[in-house]
$ cat input-v9.csv   # CSV, C-alpha atoms
chain,number,residue,atom,x,y,z
A,1,ASN,CA,-11.7,-16.0,-3.0
A,2,ALA,CA,-12.7,-12.3,-2.6
A,3,GLY,CA,-9.4,-11.1,-1.1
A,4,VAL,CA,-9.9,-8.0,0.9
A,5,THR,CA,-13.3,-6.3,0.9
A,6,GLN,CA,-14.4,-3.1,2.5
A,7,THR,CA,-17.9,-1.9,3.5
A,8,PRO,CA,-19.3,0.7,2.7
A,9,LYS,CA,-17.7,2.0,-0.5
A,10,PHE,CA,-19.0,5.5,0.0
A,11,ARG,CA,-20.3,7.4,3.0
A,12,VAL,CA,-21.2,11.0,3.9
A,13,LEU,CA,-21.4,12.0,7.5
A,14,LYS,CA,-22.2,15.2,9.4
A,15,THR,CA,-19.7,16.6,11.9
A,16,GLY,CA,-20.1,14.7,15.2
A,17,GLN,CA,-21.7,11.6,13.8
A,18,SER,CA,-20.2,8.2,14.3
A,19,MET,CA,-19.6,5.3,12.0
A,20,THR,CA,-17.8,2.0,11.6
A,21,LEU,CA,-15.9,0.8,8.5
A,22,LEU,CA,-15.7,-2.9,8.0
A,23,CYS,CA,-12.8,-4.7,6.5
A,24,ALA,CA,-12.9,-8.5,5.8
A,25,GLN,CA,-10.3,-10.8,4.3
A,26,ASP,CA,-10.7,-14.5,3.4
A,27,MET,CA,-7.0,-15.3,3.0
A,28,ASN,CA,-6.4,-16.3,6.6
A,29,HIS,CA,-3.9,-13.5,7.0
A,30,GLU,CA,-2.6,-12.7,10.5
A,31,TYR,CA,-1.9,-9.0,10.0
A,32,MET,CA,-4.5,-6.3,9.1
A,33,TYR,CA,-4.1,-2.5,8.6
A,34,TRP,CA,-6.1,0.6,8.1
A,35,TYR,CA,-4.7,3.5,6.1
A,36,ARG,CA,-6.0,6.9,5.0
A,37,GLN,CA,-5.1,8.7,1.8
A,38,ASP,CA,-5.7,12.4,1.3
A,39,PRO,CA,-5.8,14.0,-2.1
A,40,GLY,CA,-2.4,14.0,-3.8
A,41,MET,CA,-0.7,12.4,-0.8
A,42,GLY,CA,0.7,9.0,0.1
A,43,LEU,CA,-0.9,6.5,2.4
A,44,ARG,CA,-0.7,7.0,6.2
A,45,LEU,CA,-1.1,4.2,8.6
A,46,ILE,CA,-3.9,4.7,11.2
A,47,HIS,CA,-3.9,1.4,13.2
A,48,TYR,CA,-2.9,-2.2,12.6
A,49,SER,CA,-3.3,-5.6,14.1
A,50,VAL,CA,-0.9,-8.5,14.2
A,51,GLY,CA,-3.5,-11.1,15.1
A,52,GLU,CA,-7.0,-11.7,16.5
A,53,GLY,CA,-7.6,-9.7,19.6
A,54,THR,CA,-4.6,-7.4,19.1
A,55,THR,CA,-4.4,-3.8,17.9
A,56,ALA,CA,-1.7,-1.2,17.7
A,57,LYS,CA,-1.4,2.5,16.8
A,58,GLY,CA,0.1,3.6,13.5
A,59,GLU,CA,1.2,7.0,12.3
A,60,VAL,CA,-2.1,8.9,12.6
A,61,PRO,CA,-4.3,7.1,15.2
A,62,ASP,CA,-6.1,10.1,16.8
A,63,GLY,CA,-9.8,10.2,16.4
A,64,TYR,CA,-10.1,6.5,15.4
A,65,ASN,CA,-10.6,3.3,17.2
A,66,VAL,CA,-10.2,-0.3,16.0
A,67,SER,CA,-11.2,-3.8,16.9
A,68,ARG,CA,-10.1,-7.2,15.7
A,69,LEU,CA,-12.6,-9.6,17.4
A,70,LYS,CA,-12.4,-12.1,14.6
A,71,LYS,CA,-9.3,-13.0,12.6
A,72,GLN,CA,-11.0,-12.2,9.3
A,73,ASN,CA,-12.4,-8.8,10.3
A,74,PHE,CA,-10.9,-5.5,11.2
A,75,LEU,CA,-13.2,-2.6,12.2
A,76,LEU,CA,-12.3,1.1,12.1
A,77,GLY,CA,-14.5,3.4,14.1
A,78,LEU,CA,-15.0,7.1,14.1
A,79,GLU,CA,-16.7,8.2,17.3
A,80,SER,CA,-17.2,11.8,16.5
A,81,ALA,CA,-16.4,12.6,12.9
A,82,ALA,CA,-14.6,15.8,11.9
A,83,PRO,CA,-14.1,17.4,8.5
A,84,SER,CA,-10.4,16.6,8.8
A,85,GLN,CA,-11.3,13.0,8.6
A,86,THR,CA,-12.6,13.3,5.0
A,87,SER,CA,-10.4,10.9,3.1
A,88,VAL,CA,-10.2,7.6,1.3
A,89,TYR,CA,-9.7,4.7,3.7
A,90,PHE,CA,-7.9,1.6,2.6
A,91,CYS,CA,-7.7,-1.7,4.5
A,92,ALA,CA,-5.0,-4.2,3.9
A,93,SER,CA,-3.9,-7.6,5.1
A,94,SER,CA,-0.7,-9.7,5.1
A,95,TRP,CA,0.2,-13.2,6.0
A,96,ARG,CA,2.9,-12.5,8.6
A,97,GLY,CA,4.8,-9.2,8.5
A,98,PRO,CA,4.0,-6.0,6.6
A,99,ASP,CA,6.2,-6.6,3.6
A,100,THR,CA,3.6,-7.9,1.2
A,101,GLN,CA,0.2,-6.4,1.8
A,102,TYR,CA,-3.0,-7.0,-0.1
A,103,PHE,CA,-5.3,-3.9,-0.2
A,104,GLY,CA,-9.0,-3.5,-0.4
A,105,PRO,CA,-10.8,-1.2,-2.9
A,106,GLY,CA,-11.2,1.7,-0.4
A,107,THR,CA,-14.0,3.6,1.3
A,108,ARG,CA,-14.6,7.2,0.3
A,109,LEU,CA,-15.7,9.2,3.4
A,110,THR,CA,-16.9,12.8,3.4
A,111,VAL,CA,-17.5,14.6,6.6
A,112,LEU,CA,-19.5,17.8,6.2
B,113,ASP,CA,14.3,1.9,6.2
B,114,ALA,CA,16.6,3.4,3.6
B,115,LYS,CA,15.4,6.6,1.9
B,116,THR,CA,14.4,6.3,-1.8
B,117,THR,CA,14.3,8.8,-4.6
B,118,GLN,CA,12.0,8.4,-7.6
B,119,PRO,CA,11.2,10.8,-10.5
B,120,PRO,CA,7.8,12.4,-9.9
B,121,SER,CA,6.4,11.5,-13.3
B,122,MET,CA,7.2,9.5,-16.5
B,123,ASP,CA,5.5,8.8,-19.8
B,124,CYS,CA,5.7,5.6,-21.9
B,125,ALA,CA,4.2,4.6,-25.2
B,126,GLU,CA,1.8,1.8,-25.2
B,127,GLY,CA,3.4,-1.5,-26.1
B,128,ARG,CA,6.9,-0.3,-25.2
B,129,ALA,CA,8.9,-1.2,-22.1
B,130,ALA,CA,8.4,1.1,-19.2
B,131,ASN,CA,11.6,1.5,-17.1
B,132,LEU,CA,11.0,3.1,-13.7
B,133,PRO,CA,14.2,4.0,-11.7
B,134,CYS,CA,14.7,4.2,-8.0
B,135,ASN,CA,17.7,5.5,-6.2
B,136,HIS,CA,18.5,4.0,-2.7
B,137,SER,CA,22.1,4.9,-2.2
B,138,THR,CA,22.0,4.4,1.6
B,139,ILE,CA,20.6,0.8,1.4
B,140,SER,CA,22.1,-1.6,3.9
B,141,GLY,CA,23.0,-5.2,3.3
B,142,ASN,CA,19.9,-6.8,4.7
B,143,GLU,CA,17.3,-4.4,3.1
B,144,TYR,CA,15.2,-5.5,0.2
B,145,VAL,CA,13.7,-3.4,-2.6
B,146,TYR,CA,9.9,-3.6,-2.9
B,147,TRP,CA,7.7,-2.2,-5.6
B,148,TYR,CA,4.0,-1.4,-5.3
B,149,ARG,CA,1.7,0.5,-7.6
B,150,GLN,CA,-1.6,2.3,-7.2
B,151,ILE,CA,-4.0,2.7,-10.0
B,152,HIS,CA,-6.2,5.7,-9.7
B,153,SER,CA,-8.9,5.3,-7.0
B,154,GLN,CA,-7.8,1.8,-6.2
B,155,GLY,CA,-5.9,0.3,-3.4
B,156,PRO,CA,-2.1,-0.3,-3.8
B,157,GLN,CA,-1.0,-3.5,-5.4
B,158,TYR,CA,2.2,-5.4,-4.6
B,159,ILE,CA,4.4,-6.0,-7.7
B,160,ILE,CA,7.7,-7.5,-6.9
B,161,HIS,CA,10.6,-7.4,-4.5
B,162,GLY,CA,14.3,-8.4,-4.5
B,163,LEU,CA,17.6,-8.3,-2.5
B,164,LYS,CA,20.4,-8.3,-5.0
B,165,ASN,CA,19.6,-10.7,-7.8
B,166,ASN,CA,17.3,-9.7,-10.7
B,167,GLU,CA,13.8,-10.9,-10.2
B,168,THR,CA,11.0,-11.5,-12.6
B,169,ASN,CA,7.3,-12.5,-12.2
B,170,GLU,CA,4.2,-12.3,-14.3
B,171,MET,CA,3.9,-8.6,-13.8
B,172,ALA,CA,7.4,-7.1,-14.1
B,173,SER,CA,11.1,-7.5,-13.8
B,174,LEU,CA,13.3,-5.9,-11.1
B,175,ILE,CA,16.9,-5.1,-12.0
B,176,ILE,CA,19.1,-4.1,-9.0
B,177,THR,CA,22.6,-2.7,-9.7
B,178,GLU,CA,25.6,-4.6,-8.4
B,179,ASP,CA,26.3,-2.0,-5.7
B,180,ARG,CA,22.6,-2.1,-4.9
B,181,LYS,CA,22.4,1.7,-4.8
B,182,SER,CA,19.7,1.8,-7.4
B,183,SER,CA,17.1,-0.3,-9.1
B,184,THR,CA,14.8,-0.3,-12.1
B,185,LEU,CA,11.3,-1.8,-12.4
B,186,ILE,CA,10.6,-2.9,-15.9
B,187,LEU,CA,7.1,-3.4,-17.3
B,188,PRO,CA,8.0,-5.2,-20.6
B,189,HIS,CA,5.0,-4.2,-22.7
B,190,ALA,CA,3.2,-1.4,-21.0
B,191,THR,CA,-0.6,-1.1,-21.5
B,192,LEU,CA,-3.0,1.8,-20.8
B,193,ARG,CA,-4.0,-0.2,-17.6
B,194,ASP,CA,-0.5,0.2,-16.3
B,195,THR,CA,-1.0,3.9,-15.8
B,196,ALA,CA,-0.5,4.3,-12.1
B,197,VAL,CA,1.7,5.7,-9.3
B,198,TYR,CA,4.6,3.3,-8.7
B,199,TYR,CA,6.2,3.2,-5.2
B,200,CYS,CA,9.7,2.0,-4.5
B,201,ILE,CA,10.2,0.9,-0.9
B,202,VAL,CA,13.4,-0.3,0.8
B,203,ARG,CA,13.1,-2.3,4.0
B,204,VAL,CA,14.3,-5.2,6.0
B,205,THR,CA,12.2,-8.2,5.2
B,206,GLY,CA,10.4,-9.5,8.2
B,207,SER,CA,10.8,-6.2,10.0
B,208,ALA,CA,7.9,-5.1,12.2
B,209,ARG,CA,8.3,-1.6,11.0
B,210,GLN,CA,5.3,-0.7,8.8
B,211,LEU,CA,5.4,0.1,5.1
B,212,THR,CA,6.0,3.7,4.3
B,213,PHE,CA,4.7,4.9,1.0
B,214,GLY,CA,6.5,8.0,-0.3
B,215,SER,CA,5.3,10.1,-3.3
B,216,GLY,CA,6.2,7.6,-6.0
B,217,THR,CA,6.4,8.0,-9.8
B,218,GLN,CA,3.3,8.7,-11.8
B,219,LEU,CA,3.6,6.6,-14.9
B,220,THR,CA,1.4,7.6,-17.8
B,221,VAL,CA,1.1,5.1,-20.7
B,222,LEU,CA,0.2,7.0,-23.8
B,223,PRO,CA,-1.8,5.4,-26.7

$ encode --input "input-v9.csv" --output "structure tokens"
Amino acid sequence: NAGVTQTPKFRVLKTGQSMTLLCAQDMNHEYMYWYRQDPGMGLRLIHYSVGEGTTAKGEVPDGYNVSRLKKQNFLLGLESAAPSQTSVYFCASSWRGPDTQYFGPGTRLTVL
Amino acid sequence: DAKTTQPPSMDCAEGRAANLPCNHSTISGNEYVYWYRQIHSQGPQYIIHGLKNNETNEMASLIITEDRKSSTLILPHATLRDTAVYYCIVRVTGSARQLTFGSGTQLTVLP
């Protein structure tokens, strides 16, 4: 039981490049989330999903897209990366509601 | 969700109990108190939650005052690995509203 895993762990992009972050969970959770955390700040919700095939916007969705084609996977895409998107990205999942979430180890993204 | 107030930082000696306070004076009757922590460079970790009765699990104890306006998270025998930012969150269980992580308390366990 690996819990929540994130791929890749580190990535450096140039401005304008695109990439996809993968989050996978093996706990059969319905809900999945993507957060970003900037230095010295709390987590901010980007997008979330309440089930396979569904997505919804969080607090800071601009510049990101997501997809939940399979229940166990939640993808976060950056179509045209900007330096303001340099951050640590955390994925999380939960069984039903957002009360008790299990987080992945994070992806450190740097946009030059 | 009710607003919470936590001290920005605290120190604790290794092996001693760490008592982390949280003030939530505007909590309503159906709101629970949740605690998460985030060890440096890792994802947050759920610790415990409660409504009005004291709760205990393998990680910690949660003491909620009778008027429910404040609570204390207790780590009974703090270790260096407990150094982390601890977040107190108040919310209605089952609410669709997403978790909001504030600034939390930086707990430093000293050797």

$ closest_residue --input "input-v9.csv" --among "A:Ser84, A:Arg108, A:Tyr102, A:Ser93" --to "Thr15 (chain A)" --atoms "all atoms listed in the file"
A:Ser84

$ closest_residue --input "input-v9.csv" --among "B:Ile176, B:Leu187, B:Ala129, B:Ile151" --to "chain A" --atoms "only C-alpha atoms"
B:Ile151

$ atom_distance --input "input-v9.csv" --atom1 "CA of Asp194 (chain B)" --atom2 "CA of Arg180 (chain B)"
25.9 Å

$ interface_residues --input "input-v9.csv" --of "chain A" --to "chain B" --cutoff "12 Å" --atoms "all atoms listed in the file" --output "VMD selection string"
chain A and resid 4 to 6 9 31 to 50 56 to 59 87 to 108

$ residues_around --input "input-v9.csv" --residues "Asp26 (chain A)" --least-positions-apart "3" --cutoff "8 Å" --atoms "all atoms listed in the file" --output "list of chain:residue names"
A:Asn1, A:Ala2, A:Gly3, A:Val4, A:His29, A:Gln72

$ residues_near_point --input "input-v9.csv" --point "(8.3, 6.6, -11.7)" --cutoff "7 Å" --atoms "all atoms listed in the file" --output "list in words"
Gln118, Pro119, Pro120, Ser121, Met122, Leu132, Pro133, Tyr198, Gly216, Thr217, Gln218 and Leu219 of chain B

$ atom_distance --input "input-v9.csv" --atom1 "CA of Glu170 (chain B)" --atom2 "CA of Ile186 (chain B)"
11.5 Å

$ residues_around --input "input-v9.csv" --residues "Ser182 (chain B)" --least-positions-apart "6" --cutoff "10 Å" --atoms "only C-alpha atoms" --output "ChimeraX atom specification"
/B:116-117,133-139,145,175-176

$ atom_distance --input "input-v9.csv" --atom1 "CA of Leu185 (chain B)" --atom2 "CA of Ser173 (chain B)"
5.9 Å

$ residues_around --input "input-v9.csv" --residues "Met19 (chain A)" --least-positions-apart "3" --cutoff "8 Å" --atoms "all atoms listed in the file" --output "PDB file with C-alpha atoms, in the coordinates of the input"
ATOM      1  CA  GLY A  77     -14.500   3.400  14.100  1.00  0.00           C
ATOM      2  CA  LEU A  78     -15.000   7.100  14.100  1.00  0.00           C
ATOM      3  CA  GLU A  79     -16.700   8.200  17.300  1.00  0.00           C
TER       4      GLU A  79
END

$ closest_residue --input "input-v9.csv" --among "B:Ala190, B:Cys200, B:Met171, B:Lys164" --to "Glu126 (chain B)" --atoms "all atoms listed in the file"
B:Ala190

$ residues_near_point --input "input-v9.csv" --point "(-14.5, 12.2, 8.5)" --cutoff "8 Å" --atoms "all atoms listed in the file" --output "PDB file with C-alpha atoms, in the coordinates of the input"
ATOM      1  CA  LEU A  13     -21.400  12.000   7.500  1.00  0.00           C
ATOM      2  CA  THR A  15     -19.700  16.600  11.900  1.00  0.00           C
ATOM      3  CA  LEU A  78     -15.000   7.100  14.100  1.00  0.00           C
ATOM      4  CA  ALA A  81     -16.400  12.600  12.900  1.00  0.00           C
ATOM      5  CA  ALA A  82     -14.600  15.800  11.900  1.00  0.00           C
ATOM      6  CA  PRO A  83     -14.100  17.400   8.500  1.00  0.00           C
ATOM      7  CA  SER A  84     -10.400  16.600   8.800  1.00  0.00           C
ATOM      8  CA  GLN A  85     -11.300  13.000   8.600  1.00  0.00           C
ATOM      9  CA  THR A  86     -12.600  13.300   5.000  1.00  0.00           C
ATOM     10  CA  SER A  87     -10.400  10.900   3.100  1.00  0.00           C
ATOM     11  CA  LEU A 109     -15.700   9.200   3.400  1.00  0.00           C
ATOM     12  CA  THR A 110     -16.900  12.800   3.400  1.00  0.00           C
ATOM     13  CA  VAL A 111     -17.500  14.600   6.600  1.00  0.00           C
ATOM     14  CA  LEU A 112     -19.500  17.800   6.200  1.00  0.00           C
TER      15      LEU A 112
END

$ build_atoms --input "input-v9.csv" --residues "region 175-186 of chain B" --atoms "all heavy atoms" --output "PDB file, in the coordinates of the input"
ATOM      1  N   ILE B 175      15.457  -5.024 -11.738  1.00  0.00           N
ATOM      2  CA  ILE B 175      16.900  -5.100 -12.000  1.00  0.00           C
ATOM      3  C   ILE B 175      17.562  -4.215 -10.877  1.00  0.00           C
ATOM      4  O   ILE B 175      17.245  -3.028 -10.741  1.00  0.00           O
ATOM      5  CB  ILE B 175      17.274  -4.488 -13.338  1.00  0.00           C
ATOM      6  CG1 ILE B 175      16.454  -5.162 -14.444  1.00  0.00           C
ATOM      7  CG2 ILE B 175      18.777  -4.628 -13.585  1.00  0.00           C
ATOM      8  CD1 ILE B 175      16.702  -6.640 -14.571  1.00  0.00           C
ATOM      9  N   ILE B 176      18.439  -4.826 -10.088  1.00  0.00           N
ATOM     10  CA  ILE B 176      19.100  -4.100  -9.000  1.00  0.00           C
ATOM     11  C   ILE B 176      20.617  -4.059  -9.407  1.00  0.00           C
ATOM     12  O   ILE B 176      21.218  -5.073  -9.768  1.00  0.00           O
ATOM     13  CB  ILE B 176      18.962  -4.866  -7.674  1.00  0.00           C
ATOM     14  CG1 ILE B 176      17.476  -4.997  -7.343  1.00  0.00           C
ATOM     15  CG2 ILE B 176      19.696  -4.128  -6.546  1.00  0.00           C
ATOM     16  CD1 ILE B 176      17.186  -5.832  -6.112  1.00  0.00           C
ATOM     17  N   THR B 177      21.190  -2.862  -9.322  1.00  0.00           N
ATOM     18  CA  THR B 177      22.600  -2.700  -9.700  1.00  0.00           C
ATOM     19  C   THR B 177      23.495  -3.493  -8.755  1.00  0.00           C
ATOM     20  O   THR B 177      23.097  -3.825  -7.627  1.00  0.00           O
ATOM     21  CB  THR B 177      23.004  -1.232  -9.688  1.00  0.00           C
ATOM     22  OG1 THR B 177      22.771  -0.692  -8.366  1.00  0.00           O
ATOM     23  CG2 THR B 177      22.209  -0.434 -10.710  1.00  0.00           C
ATOM     24  N   GLU B 178      24.701  -3.756  -9.210  1.00  0.00           N
ATOM     25  CA  GLU B 178      25.600  -4.600  -8.400  1.00  0.00           C
ATOM     26  C   GLU B 178      25.930  -3.971  -7.076  1.00  0.00           C
ATOM     27  O   GLU B 178      26.062  -4.677  -6.073  1.00  0.00           O
ATOM     28  CB  GLU B 178      26.913  -4.813  -9.219  1.00  0.00           C
ATOM     29  CG  GLU B 178      27.799  -5.892  -8.623  1.00  0.00           C
ATOM     30  CD  GLU B 178      28.928  -6.293  -9.556  1.00  0.00           C
ATOM     31  OE1 GLU B 178      28.858  -5.972 -10.759  1.00  0.00           O
ATOM     32  OE2 GLU B 178      29.882  -6.925  -9.067  1.00  0.00           O
ATOM     33  N   ASP B 179      26.045  -2.639  -7.028  1.00  0.00           N
ATOM     34  CA  ASP B 179      26.300  -2.000  -5.700  1.00  0.00           C
ATOM     35  C   ASP B 179      25.040  -1.765  -4.932  1.00  0.00           C
ATOM     36  O   ASP B 179      25.102  -1.255  -3.809  1.00  0.00           O
ATOM     37  CB  ASP B 179      27.047  -0.655  -5.948  1.00  0.00           C
ATOM     38  CG  ASP B 179      26.223   0.370  -6.718  1.00  0.00           C
ATOM     39  OD1 ASP B 179      25.025   0.113  -6.983  1.00  0.00           O
ATOM     40  OD2 ASP B 179      26.764   1.425  -7.052  1.00  0.00           O
ATOM     41  N   ARG B 180      23.921  -2.147  -5.483  1.00  0.00           N
ATOM     42  CA  ARG B 180      22.600  -2.100  -4.900  1.00  0.00           C
ATOM     43  C   ARG B 180      22.145  -0.665  -4.534  1.00  0.00           C
ATOM     44  O   ARG B 180      21.187  -0.488  -3.784  1.00  0.00           O
ATOM     45  CB  ARG B 180      22.548  -2.944  -3.594  1.00  0.00           C
ATOM     46  CG  ARG B 180      22.872  -4.384  -3.850  1.00  0.00           C
ATOM     47  CD  ARG B 180      22.255  -5.384  -2.892  1.00  0.00           C
ATOM     48  NE  ARG B 180      22.113  -4.916  -1.540  1.00  0.00           N
ATOM     49  CZ  ARG B 180      20.961  -4.828  -0.898  1.00  0.00           C
ATOM     50  NH1 ARG B 180      19.826  -5.143  -1.500  1.00  0.00           N
ATOM     51  NH2 ARG B 180      20.919  -4.414   0.350  1.00  0.00           N
ATOM     52  N   LYS B 181      22.776   0.326  -5.097  1.00  0.00           N
ATOM     53  CA  LYS B 181      22.400   1.700  -4.800  1.00  0.00           C
ATOM     54  C   LYS B 181      21.239   2.198  -5.631  1.00  0.00           C
ATOM     55  O   LYS B 181      20.703   3.287  -5.394  1.00  0.00           O
ATOM     56  CB  LYS B 181      23.601   2.622  -4.902  1.00  0.00           C
ATOM     57  CG  LYS B 181      24.670   2.336  -3.860  1.00  0.00           C
ATOM     58  CD  LYS B 181      25.808   3.333  -3.931  1.00  0.00           C
ATOM     59  CE  LYS B 181      26.820   3.064  -2.810  1.00  0.00           C
ATOM     60  NZ  LYS B 181      27.913   4.052  -2.810  1.00  0.00           N
ATOM     61  N   SER B 182      20.865   1.448  -6.624  1.00  0.00           N
ATOM     62  CA  SER B 182      19.700   1.800  -7.400  1.00  0.00           C
ATOM     63  C   SER B 182      19.077   0.591  -8.035  1.00  0.00           C
ATOM     64  O   SER B 182      19.694  -0.483  -8.071  1.00  0.00           O
ATOM     65  CB  SER B 182      20.102   2.826  -8.525  1.00  0.00           C
ATOM     66  OG  SER B 182      20.972   2.208  -9.445  1.00  0.00           O
ATOM     67  N   SER B 183      17.847   0.764  -8.497  1.00  0.00           N
ATOM     68  CA  SER B 183      17.100  -0.300  -9.100  1.00  0.00           C
ATOM     69  C   SER B 183      16.199   0.200 -10.191  1.00  0.00           C
ATOM     70  O   SER B 183      15.899   1.406 -10.214  1.00  0.00           O
ATOM     71  CB  SER B 183      16.367  -1.176  -8.097  1.00  0.00           C
ATOM     72  OG  SER B 183      15.406  -0.378  -7.417  1.00  0.00           O
ATOM     73  N   THR B 184      15.735  -0.699 -11.053  1.00  0.00           N
ATOM     74  CA  THR B 184      14.800  -0.300 -12.100  1.00  0.00           C
ATOM     75  C   THR B 184      13.690  -1.369 -12.180  1.00  0.00           C
ATOM     76  O   THR B 184      13.966  -2.572 -12.238  1.00  0.00           O
ATOM     77  CB  THR B 184      15.490  -0.254 -13.481  1.00  0.00           C
ATOM     78  OG1 THR B 184      16.540   0.710 -13.419  1.00  0.00           O
ATOM     79  CG2 THR B 184      14.502   0.147 -14.562  1.00  0.00           C
ATOM     80  N   LEU B 185      12.475  -0.898 -12.162  1.00  0.00           N
ATOM     81  CA  LEU B 185      11.300  -1.800 -12.400  1.00  0.00           C
ATOM     82  C   LEU B 185      10.991  -1.698 -13.863  1.00  0.00           C
ATOM     83  O   LEU B 185      10.862  -0.607 -14.420  1.00  0.00           O
ATOM     84  CB  LEU B 185      10.125  -1.297 -11.560  1.00  0.00           C
ATOM     85  CG  LEU B 185       8.844  -2.111 -11.743  1.00  0.00           C
ATOM     86  CD1 LEU B 185       8.986  -3.454 -11.032  1.00  0.00           C
ATOM     87  CD2 LEU B 185       7.632  -1.364 -11.230  1.00  0.00           C
ATOM     88  N   ILE B 186      10.857  -2.849 -14.484  1.00  0.00           N
ATOM     89  CA  ILE B 186      10.600  -2.900 -15.900  1.00  0.00           C
ATOM     90  C   ILE B 186       9.227  -3.562 -16.160  1.00  0.00           C
ATOM     91  O   ILE B 186       8.988  -4.696 -15.736  1.00  0.00           O
ATOM     92  CB  ILE B 186      11.677  -3.673 -16.678  1.00  0.00           C
ATOM     93  CG1 ILE B 186      13.035  -3.006 -16.458  1.00  0.00           C
ATOM     94  CG2 ILE B 186      11.347  -3.743 -18.170  1.00  0.00           C
ATOM     95  CD1 ILE B 186      14.200  -3.783 -17.023  1.00  0.00           C
TER      96      ILE B 186
END
